[in-house]
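Text of final28.pdb, listed as PDB, C-alpha atoms, pLDDT in the B column:
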MODEL        1
ATOM      1  CA  MET O   1      -2.308  17.194 -31.087  1.00 51.00           C
ATOM      2  CA  PRO O   2      -1.616  15.471 -34.411  1.00 57.00           C
ATOM      3  CA  ALA O   3       1.685  13.752 -35.055  1.00 65.00           C
ATOM      4  CA  GLU O   4       4.056  15.688 -37.226  1.00 72.00           C
ATOM      5  CA  ILE O   5       7.225  14.826 -39.056  1.00 75.00           C
ATOM      6  CA  THR O   6      10.009  17.192 -38.067  1.00 86.00           C
ATOM      7  CA  PRO O   7      13.078  17.860 -40.225  1.00 90.00           C
ATOM      8  CA  VAL O   8      15.151  15.621 -37.947  1.00 90.00           C
ATOM      9  CA  THR O   9      12.667  12.777 -38.458  1.00 91.00           C
ATOM     10  CA  GLY O  10      12.844  13.315 -42.200  1.00 92.00           C
ATOM     11  CA  LEU O  11      16.640  13.173 -42.142  1.00 95.00           C
ATOM     12  CA  ALA O  12      16.493  10.007 -40.053  1.00 95.00           C
ATOM     13  CA  LEU O  13      14.194   8.402 -42.617  1.00 95.00           C
ATOM     14  CA  VAL O  14      16.530   9.394 -45.459  1.00 97.00           C
ATOM     15  CA  ALA O  15      19.450   7.894 -43.533  1.00 97.00           C
ATOM     16  CA  ALA O  16      17.439   4.720 -42.908  1.00 98.00           C
ATOM     17  CA  LEU O  17      16.649   4.439 -46.606  1.00 98.00           C
ATOM     18  CA  ALA O  18      20.327   4.945 -47.458  1.00 98.00           C
ATOM     19  CA  LEU O  19      21.350   2.236 -45.000  1.00 98.00           C
ATOM     20  CA  VAL O  20      18.845  -0.280 -46.341  1.00 98.00           C
ATOM     21  CA  LEU O  21      19.646   0.437 -49.987  1.00 98.00           C
ATOM     22  CA  GLY O  22      23.394   0.388 -49.285  1.00 97.00           C
ATOM     23  CA  GLY O  23      23.014  -2.932 -47.506  1.00 96.00           C
ATOM     24  CA  LEU O  24      21.083  -4.391 -50.419  1.00 96.00           C
ATOM     25  CA  TRP O  25      23.694  -3.099 -52.851  1.00 96.00           C
ATOM     26  CA  LEU O  26      26.530  -4.590 -50.760  1.00 95.00           C
ATOM     27  CA  LEU O  27      24.656  -7.880 -50.465  1.00 94.00           C
ATOM     28  CA  ARG O  28      24.427  -8.186 -54.250  1.00 94.00           C
ATOM     29  CA  GLN O  29      28.129  -7.498 -54.858  1.00 92.00           C
ATOM     30  CA  PRO O  30      30.160 -10.594 -55.818  1.00 90.00           C
ATOM     31  CA  GLY O  31      32.812 -10.010 -53.149  1.00 86.00           C
ATOM     32  CA  GLY O  32      30.533  -8.127 -50.772  1.00 80.00           C
ATOM     33  CA  ASN O  33      30.657  -8.705 -47.043  1.00 92.00           C
ATOM     34  CA  ARG O  34      27.322 -10.281 -46.124  1.00 94.00           C
ATOM     35  CA  THR O  35      27.688  -9.572 -42.411  1.00 95.00           C
ATOM     36  CA  LYS O  36      28.166  -5.842 -42.967  1.00 96.00           C
ATOM     37  CA  ALA O  37      25.302  -5.791 -45.461  1.00 96.00           C
ATOM     38  CA  VAL O  38      22.892  -7.416 -43.025  1.00 97.00           C
ATOM     39  CA  LEU O  39      24.019  -5.148 -40.188  1.00 97.00           C
ATOM     40  CA  MET O  40      23.475  -2.077 -42.386  1.00 97.00           C
ATOM     41  CA  MET O  41      19.942  -3.208 -43.206  1.00 98.00           C
ATOM     42  CA  VAL O  42      19.168  -3.943 -39.553  1.00 98.00           C
ATOM     43  CA  ALA O  43      20.506  -0.515 -38.561  1.00 98.00           C
ATOM     44  CA  GLY O  44      18.280   1.086 -41.215  1.00 98.00           C
ATOM     45  CA  VAL O  45      15.226  -0.670 -39.843  1.00 98.00           C
ATOM     46  CA  VAL O  46      16.110   0.407 -36.296  1.00 98.00           C
ATOM     47  CA  VAL O  47      16.558   4.043 -37.356  1.00 97.00           C
ATOM     48  CA  ALA O  48      13.235   3.991 -39.236  1.00 97.00           C
ATOM     49  CA  PHE O  49      11.496   2.453 -36.212  1.00 97.00           C
ATOM     50  CA  ASN O  50      12.951   5.137 -33.934  1.00 95.00           C
ATOM     51  CA  ALA O  51      11.782   7.862 -36.316  1.00 93.00           C
ATOM     52  CA  TRP O  52       8.296   6.332 -36.288  1.00 92.00           C
ATOM     53  CA  ILE O  53       8.261   6.166 -32.478  1.00 91.00           C
ATOM     54  CA  ASN O  54       9.348   9.825 -32.234  1.00 88.00           C
ATOM     55  CA  SER O  55       6.627  10.930 -34.640  1.00 86.00           C
ATOM     56  CA  LEU O  56       3.807   9.474 -32.525  1.00 85.00           C
ATOM     57  CA  PRO O  57       1.742  11.938 -30.498  1.00 83.00           C
ATOM     58  CA  LEU O  58       2.313  12.123 -26.769  1.00 81.00           C
ATOM     59  CA  PRO O  59      -0.339  10.449 -24.595  1.00 83.00           C
ATOM     60  CA  SER O  60      -2.767  12.824 -22.985  1.00 77.00           C
TER      61      SER O  60
ENDMDL
END
Rendering of file as structure tokens:
Amino acid sequence: MPAEITPVTGLALVAALALVLGGLWLLRQPGGNRTKAVLMMVAGVVVAFNAWINSLPLPS
């Protein structure tokens, strides 16, 4: 059975992109909080990784 991207996986990837881009934006702000920016980017990577794991086919 081929792997498929479900709507929930798509929403997770959009959320991951928003987290990473928001973290980059916050990182570039003059008074931005670097800790929050890095944590947002790490959370985005974790969400994207989870979406990738959930899109893999089940072992036979």
Next on the checklist: At a cut-off of 12 Å, using all atoms listed in the file, what residues contact Val8 (chain O)? Leave out same-chain residues fewer than 5 positions from it and give the result as a ChimeraX atom specification.
Outcome noted: /O:13-15,47-48,50-52,54-55
Selection from above, C-alpha atoms, as an mmCIF file, in the coordinates of the input, can you write it?
data_model
loop_
_atom_site.group_PDB
_atom_site.id
_atom_site.type_symbol
_atom_site.label_atom_id
_atom_site.label_comp_id
_atom_site.auth_asym_id
_atom_site.auth_seq_id
_atom_site.Cartn_x
_atom_site.Cartn_y
_atom_site.Cartn_z
ATOM 1 C CA LEU O 13 14.194 8.402 -42.617
ATOM 2 C CA VAL O 14 16.530 9.394 -45.459
ATOM 3 C CA ALA O 15 19.450 7.894 -43.533
ATOM 4 C CA VAL O 47 16.558 4.043 -37.356
ATOM 5 C CA ALA O 48 13.235 3.991 -39.236
ATOM 6 C CA ASN O 50 12.951 5.137 -33.934
ATOM 7 C CA ALA O 51 11.782 7.862 -36.316
ATOM 8 C CA TRP O 52 8.296 6.332 -36.288
ATOM 9 C CA ASN O 54 9.348 9.825 -32.234
ATOM 10 C CA SER O 55 6.627 10.930 -34.640
#
Next on the checklist: the PyMOL selection byres ((chain O and resi 37) around 6) - which residues does that actually catch in the file I just gave you? List them as a list in words.
Outcome noted: Gly23, Leu26, Leu27, Arg34, Thr35, Lys36, Val38, Leu39 and Met40 of chain O
For the residues selected in the previous step, produce a file with C-alpha atoms as a PDB file, in the coordinates of the input.
ATOM      1  CA  GLY O  23      23.014  -2.932 -47.506  1.00 96.00           C
ATOM      2  CA  LEU O  26      26.530  -4.590 -50.760  1.00 95.00           C
ATOM      3  CA  LEU O  27      24.656  -7.880 -50.465  1.00 94.00           C
ATOM      4  CA  ARG O  34      27.322 -10.281 -46.124  1.00 94.00           C
ATOM      5  CA  THR O  35      27.688  -9.572 -42.411  1.00 95.00           C
ATOM      6  CA  LYS O  36      28.166  -5.842 -42.967  1.00 96.00           C
ATOM      7  CA  VAL O  38      22.892  -7.416 -43.025  1.00 97.00           C
ATOM      8  CA  LEU O  39      24.019  -5.148 -40.188  1.00 97.00           C
ATOM      9  CA  MET O  40      23.475  -2.077 -42.386  1.00 97.00           C
TER      10      MET O  40
END
Next on the checklist: Can you tell me which residues surround region 17-20 of chain O at a distance of at most 8 Å, considering only C-alpha atoms, apart from same-chain residues fewer than 4 positions away, and format the answer as a ChimeraX atom specification?
Outcome noted: /O:13,24,40-45
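Computed from the coordinates, the CA of Asn33 (chain O) to CA of Leu11 (chain O) distance equals 26.4 Å.
Taking CA of Phe49 (chain O) as the reference point, CA of Ile5 (chain O) is found at 13.4 Å.
Between CA of Gly22 (chain O) and CA of Leu56 (chain O) the separation is 27.3 Å.
With distances restricted to only C-alpha atoms, O:Val46 is the closest residue to Ala16 (chain O) from O:Gly31, O:Val46, O:Leu58, O:Ile53.
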What are the centre and edge lengths in Å, to one decimal, of the axis-aligned box around all listed atoms of region 33-43 of chain O with 5 Å added on each side, as lines of an AutoDock Vina configuration file?
center_x = 24.9
center_y = -5.4
center_z = -42.8
size_x = 21.5
size_y = 19.8
size_z = 18.5
